[in-house]
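Before any comments, here is the structure.
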Number of protein chains: 2
Amino acid sequence: MARPKPLSGFPEFLPAGRMIEQQVLDILRETFELHGFAPVETRSVEPMAQLARKGEVDKEVYVVRRLHAEPGARSDDLGLHFDLTVPLARYVLENAGHLAFPFRRYQIQKVWRGERPQEGRYREFSQADIDIVGQQELAPHHDVEAPLVMLEALERLHVELGLPTVRMHVNNRKLSEGFYRGLGIEDTAAVLQRVDKFDKIGAGAVARLLIDEVSLSDDQAAQCVALAQINSTDESFVDQVRGLGVRHEMLDEGLAQLTQVVRAANRQVPGRLVADMKIARGLDYYTGTVYETELVGHEHMGSVSSGGRYDTLASDGKTTYPGVGISLGITRLLAPLISKGVVQCSRPVPSAVLVAVDDEETRDQAMAVAGSLRSRGIACEVAPKADKFGKQIRYADRRGIPFVWFGGVSGEVKDIRSGDQQPADAATWSPPPADLKPAVTTF
Amino acid sequence: MARPKPLSGFPEFLPAGRMIEQQVLDILRETFELHGFAPVETRSVEPMAQLARKGEVDKEVYVVRRLHAEPGARSDDLGLHFDLTVPLARYVLENAGHLAFPFRRYQIQKVWRGERPQEGRYREFSQADIDIVGQQELAPHHDVEAPLVMLEALERLHVELGLPTVRMHVNNRKLSEGFYRGLGIEDTAAVLQRVDKFDKIGAGAVARLLIDEVSLSDDQAAQCVALAQINSTDESFVDQVRGLGVRHEMLDEGLAQLTQVVRAANRQVPGRLVADMKIARGLDYYTGTVYETELVGHEHMGSVSSGGRYDTLASDGKTTYPGVGISLGITRLLAPLISKGVVQCSRPVPSAVLVAVDDEETRDQAMAVAGSLRSRGIACEVAPKADKFGKQIRYADRRGIPFVWFGGVSGEVKDIRSGDQQPADAATWSPPPADLKPAVTTF
């Protein structure tokens with residue numbers, strides 16, 4: 001078999017990259033669990049009928065079929081899930097009798113999209129979702145809670161691993177829709193679709209589209225564009241919106257909810273959240289707060305974390321399950337940072353110590369040293385071959401293992417970076433804390 | 001949407017089951033890393049040409065195809081991997097220049113097989129593999145190492161989580177093949193295939209098959225059956241085999257290698273490993289030691305962990321990569337134990353504490369209490385509604401949360417199981433260690 005080539009759109013990491021990803025996943029999991037989110041893992045496939053119901057996305061679905069399936073076999077009408085929201089909705093309906101509501105769950109899994117691969121677009125990628133799902137009702141304070149939990153996780157990735165800081169842009173559908181209604185506009189969805197292009201085409205072009213395509217008056221269009229230009233990291237956006245002179249009950253509600261989010265974020269993760277009235281993404285799908293998150297200094301990567309409130313996540317006809325959630329694109333966040341070397345791992349193996357072998361006859365002795373170190377949480381491996389010590393040191397060096405152990409349980413340990421060699425007892429010696437585990441560093 | 005039904009062969013856990021699985025995965029990961037195995041995660045798909053090359057299994061492959069793929073598009077000739085060995089072989093060839101050999105990796109992922117679902121057979125399941133892969137050569141002591149690492153992990157699952165103990169049955173292809181050759185038998189693979197049925201059909205029937213189908217003499221067949229009946233947890237199997245009076249160089253080699261495995265296992269995990277000469281499974285594929293593992297008291301579940309030595313894991317024509325590995329069927333191990341209630345989790349949520357809310361006006365105060373507890377690693381959630389306290393306590397009870405917090409940072413905490421309520425400070429109070437995290441218990 002000739003050397004295989006990577007498959008476009010299906011990124012894979014070398015072990016060092018995977019160790020970075022694992023440290024990220026550990027922090028996400030710990031943060032989500034500290035906030036009482038329970039883990040769920042769903043199967044990778046859903047019936048095509050379920051996946052196809054979600055409209056536009058059906059073209060991106062990967063269909064799954066047994067190679068030797070009987071023709072027309074019903075169980076083969078399956079597709080790989082393209083997000084973790086469709087599976088969650090199904091899981092909630094299927095298990096509603098076994099879940100306590102509001103149901104708080106996180107889910108970290110691969111998803112698949114049959115897209116044309118391009119920079120930042122993957123066909124297989126991992127994402128981490130948190131959602132809070134109510135039964136019939138879900139209090140608005142959860143709209144404040146969900147983004148704060150994700151921001152706390154992202155802040156830990158910054159502080160503990162050195163990943164870039166984030167800026168989360170938040171808007172509220174009620175605010176935009178209420179404002180448009182206050183202007184006497186009925187087709188608010190059409191306005192949102194044009195405002196969504198604000199970043200790409202600019203204020204003037206959006207105004208033109210609103211006039212030409214949605215038949216707004218010059219004044220209405222100007223007001224919509226003025227709203228889209230408002231943003232603030234504090235509560236001053238409220239006065240700015242008020243200053244435009246539009247009044248509507250739904251606008252008041254949206255302003256109040258967005259104020260809650262901004263206030264809570266400034267208390268817990270100051271400077272990371274901005275109320276941004278041009279965020280329209282998914283506003284026709286979401287029904288309350290919406291979130292979008294960029295990496296500071298890497299804005300071209302697009303949103304790495306987004307979500308919002310949906311009043312009907314699932315329904316069985318009798319019971320409706322509203323939800324609010326936010327999703328983090330793990331591959332989208334890490335793959336570019338790792339491939340560009342912005343984030344690196346101090347070594348590509350877990351081992352802190354290589355236990356040298358004098359002679360194949362004394363391999364048992366080396367295994368005893370390794371066992372003693374492992375019992376105290378020190379990862380190590382025994383040299384594969386009783387080579388000359390110089391060769392064994394070079395072996396450790398090639399793997400990035402910082403320490404080499406010589407002799408038995410009462411032996412000597414060499415830091416191969418400094419060359420320093422000291423007597424050591426395998427029952428008590430430990431590497432410096434910084435060398436115990438592979439460390440993530442950023443450049 | 002009506003209540004969805006589970007898909008046969010695609011098991012899913014409720015959150016409590018997933019938390020058990022996570023604790024199992026944590027122990028596996030920690031054990032593998034302590035032994036210097038680096039983590040790898042490969043994409044879920046491989047080119048069909050690669051998957052189909054593996055002979056028999058092609059009928060079990062799930063083909064993956066974009067719903068709106070262009071006809072004949074090459075990139076759609078993909079299938080979901082059915083094990084983690086085919087992806088490893090490809091990964092090693094693709095990245096050989098970036099890996100240090102012997103390459104030690106573990107991999108914990110889903111795999112898919114388009115089988116007819118039945119008890120213990122799944123279409124989607126998780127497995128955990130460890131492999132050691134050499135470049136051109138791989139020392140035989142790794143045949144001893146691989147099963148010991150897996151046995152250490154399985155022993156921790158028993159000691160720390162209460163899972164059943166295991167019994168690993170080990171044989172060596174060289175031992176069996178050498179023995180058959182010593183008897184003058186040439187078609188040793190044909191003998192192995194019949195011996196493989198020993199457990200199902202018994203000694204007499206195996207002897208009949210060897211005489212009728214492989215044309216062995218009565219004496220040869222009796223000797224083969226006698227070999228298959230030998231097993232021991234210590235090194236006494238060597239004398240038993242010797243007692244059959246067969247001599248062959250390859251037999252000697254096999255006996256020596258198997259002795260090494262038994263000796264090392266008895267030192268590290270006494271009583272968990274048995275040399276068992278009837279283990280023939282995969283012997284036509286493997287080239288040295290082979291492993292198979294049953295759960296004591298749950299033998300009907302079949303082997304939960306198996307593997308062995310293969311002299312050619314991968315080859316690019318110039319370089320050959322021999323390997324030795326062992327795989328643990330996580331879903332196969334856990335799904336029956338969890339669904340029968342043999343293994344349970346003390347609560348279905350991570351939260352140890354529910355922080356009660358007096359009044360929606362004081363939700364901020366409850367959030368401050370929660371923040372203080374979380375900063376010290378105590379998982380908690382804030383009550384979703386400022387209900388009467390009795391209702392909030394019932395809410396905690398329904399979720400299995402053991403403690404409810406009342407008041408502010410200087411407040412009171414109630415153990416809702418005993419009813420005991422005490423003054424407590426959120427900056428210093430901790431639950432008893434046993435209540436900090438959901439605990440896995442066995443019945």
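Naming works like this for the structure tokens: A, B, ... for the chains as they're shown, residue 1 at the start of each chain, ligands 1 onward in shown order.
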With a distance cut-off of 7 Å and only C-alpha atoms, select the neighbouring residues of segment 78-89 of chain B, excluding the residue or stretch itself and same-chain residues fewer than 6 positions from it, and output the selection as a list in words. Thr42, Ser44, Val45, Glu46, Pro47, Met48, Val61, Tyr62, Val63, Val64, Val111, Trp112, Arg113, Leu313 and Ala314 of chain B
Give me, as a PyMOL selection string, the contact residues of chain A against chain B at a cut-off of 7 Å, counting only C-alpha atoms. chain A and resi 1-5+10+12+15+18-19+33-40+42-43+59-68+90+93-94+100+114+315-317+349-351+374+377-381+398-399
When DSSP is applied to the backbone of this structure, which of segment 27-169 of chain A are assigned alpha helix (DSSP H)? Write them out as JSON, numbers by chain. {"A": [27, 28, 29, 30, 31, 32, 33, 34, 48, 49, 50, 51, 52, 85, 86, 87, 88, 89, 90, 91, 92, 93, 94, 95, 141, 142, 143, 144, 145, 146, 147, 148, 149, 150, 151, 152, 153, 154, 155, 156, 157, 158, 159, 160, 161]}
If we count only C-alpha atoms, what is near segment 235-238 of chain A at a cut-off of 12 Å, once residues fewer than 6 positions away on the same chain are taken out, given as a ChimeraX atom specification? /A:170-171,175,226-229,244-246,251-266,273-277
Given only C-alpha atoms as the basis, pick out the residue of A:Gln127, A:Ser418, A:Thr442, A:Ser176 nearest to Thr331 of chain A.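 Closest candidate: A:Gln127.
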Between atom CA of Ile326 of chain A and atom CA of Asp26 of chain A, what is the distance, to one decimal in Å?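 Between atom CA of Ile326 of chain A and atom CA of Asp26 of chain A the gap is 17.9 Å.
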Quick one: residues within 6 Å of segment 297-312 of chain B, only C-alpha atoms, excluding same-chain residues fewer than 3 positions away - as a PyMOL selection string? chain B and resi 286-294+321-329+333
Selected residues, C-alpha atoms, written as a short mmCIF file (atom, residue, chain, number, x, y, z; two decimals), in the first residue's frame, please.
```
data_model
loop_
_atom_site.label_atom_id
_atom_site.label_comp_id
_atom_site.auth_asym_id
_atom_site.auth_seq_id
_atom_site.Cartn_x
_atom_site.Cartn_y
_atom_site.Cartn_z
CA TYR B 286 -2.29 -13.25 14.27
CA THR B 287 1.27 -14.52 14.28
CA GLY B 288 2.20 -14.79 17.99
CA THR B 289 0.38 -14.32 21.26
CA VAL B 290 -3.42 -14.06 21.16
CA TYR B 291 -5.72 -12.87 23.92
CA GLU B 292 -9.40 -13.33 24.71
CA THR B 293 -11.11 -12.12 27.90
CA GLU B 294 -14.31 -13.07 29.65
CA TYR B 321 5.21 -2.29 10.54
CA PRO B 322 4.65 -5.22 12.94
CA GLY B 323 2.29 -4.67 15.84
CA VAL B 324 0.77 -6.11 18.96
CA GLY B 325 -2.49 -4.84 20.37
CA ILE B 326 -5.54 -5.53 22.42
CA SER B 327 -9.01 -4.08 22.17
CA LEU B 328 -11.68 -3.63 24.82
CA GLY B 329 -15.32 -3.60 23.77
CA LEU B 333 -18.87 -4.63 28.44
#
```
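Each of A:Arg347, A:His158, A:Lys391, A:Lys174 was checked against Val296 of chain A using only C-alpha atoms; the smallest atom-to-atom distance is that of A:His158.
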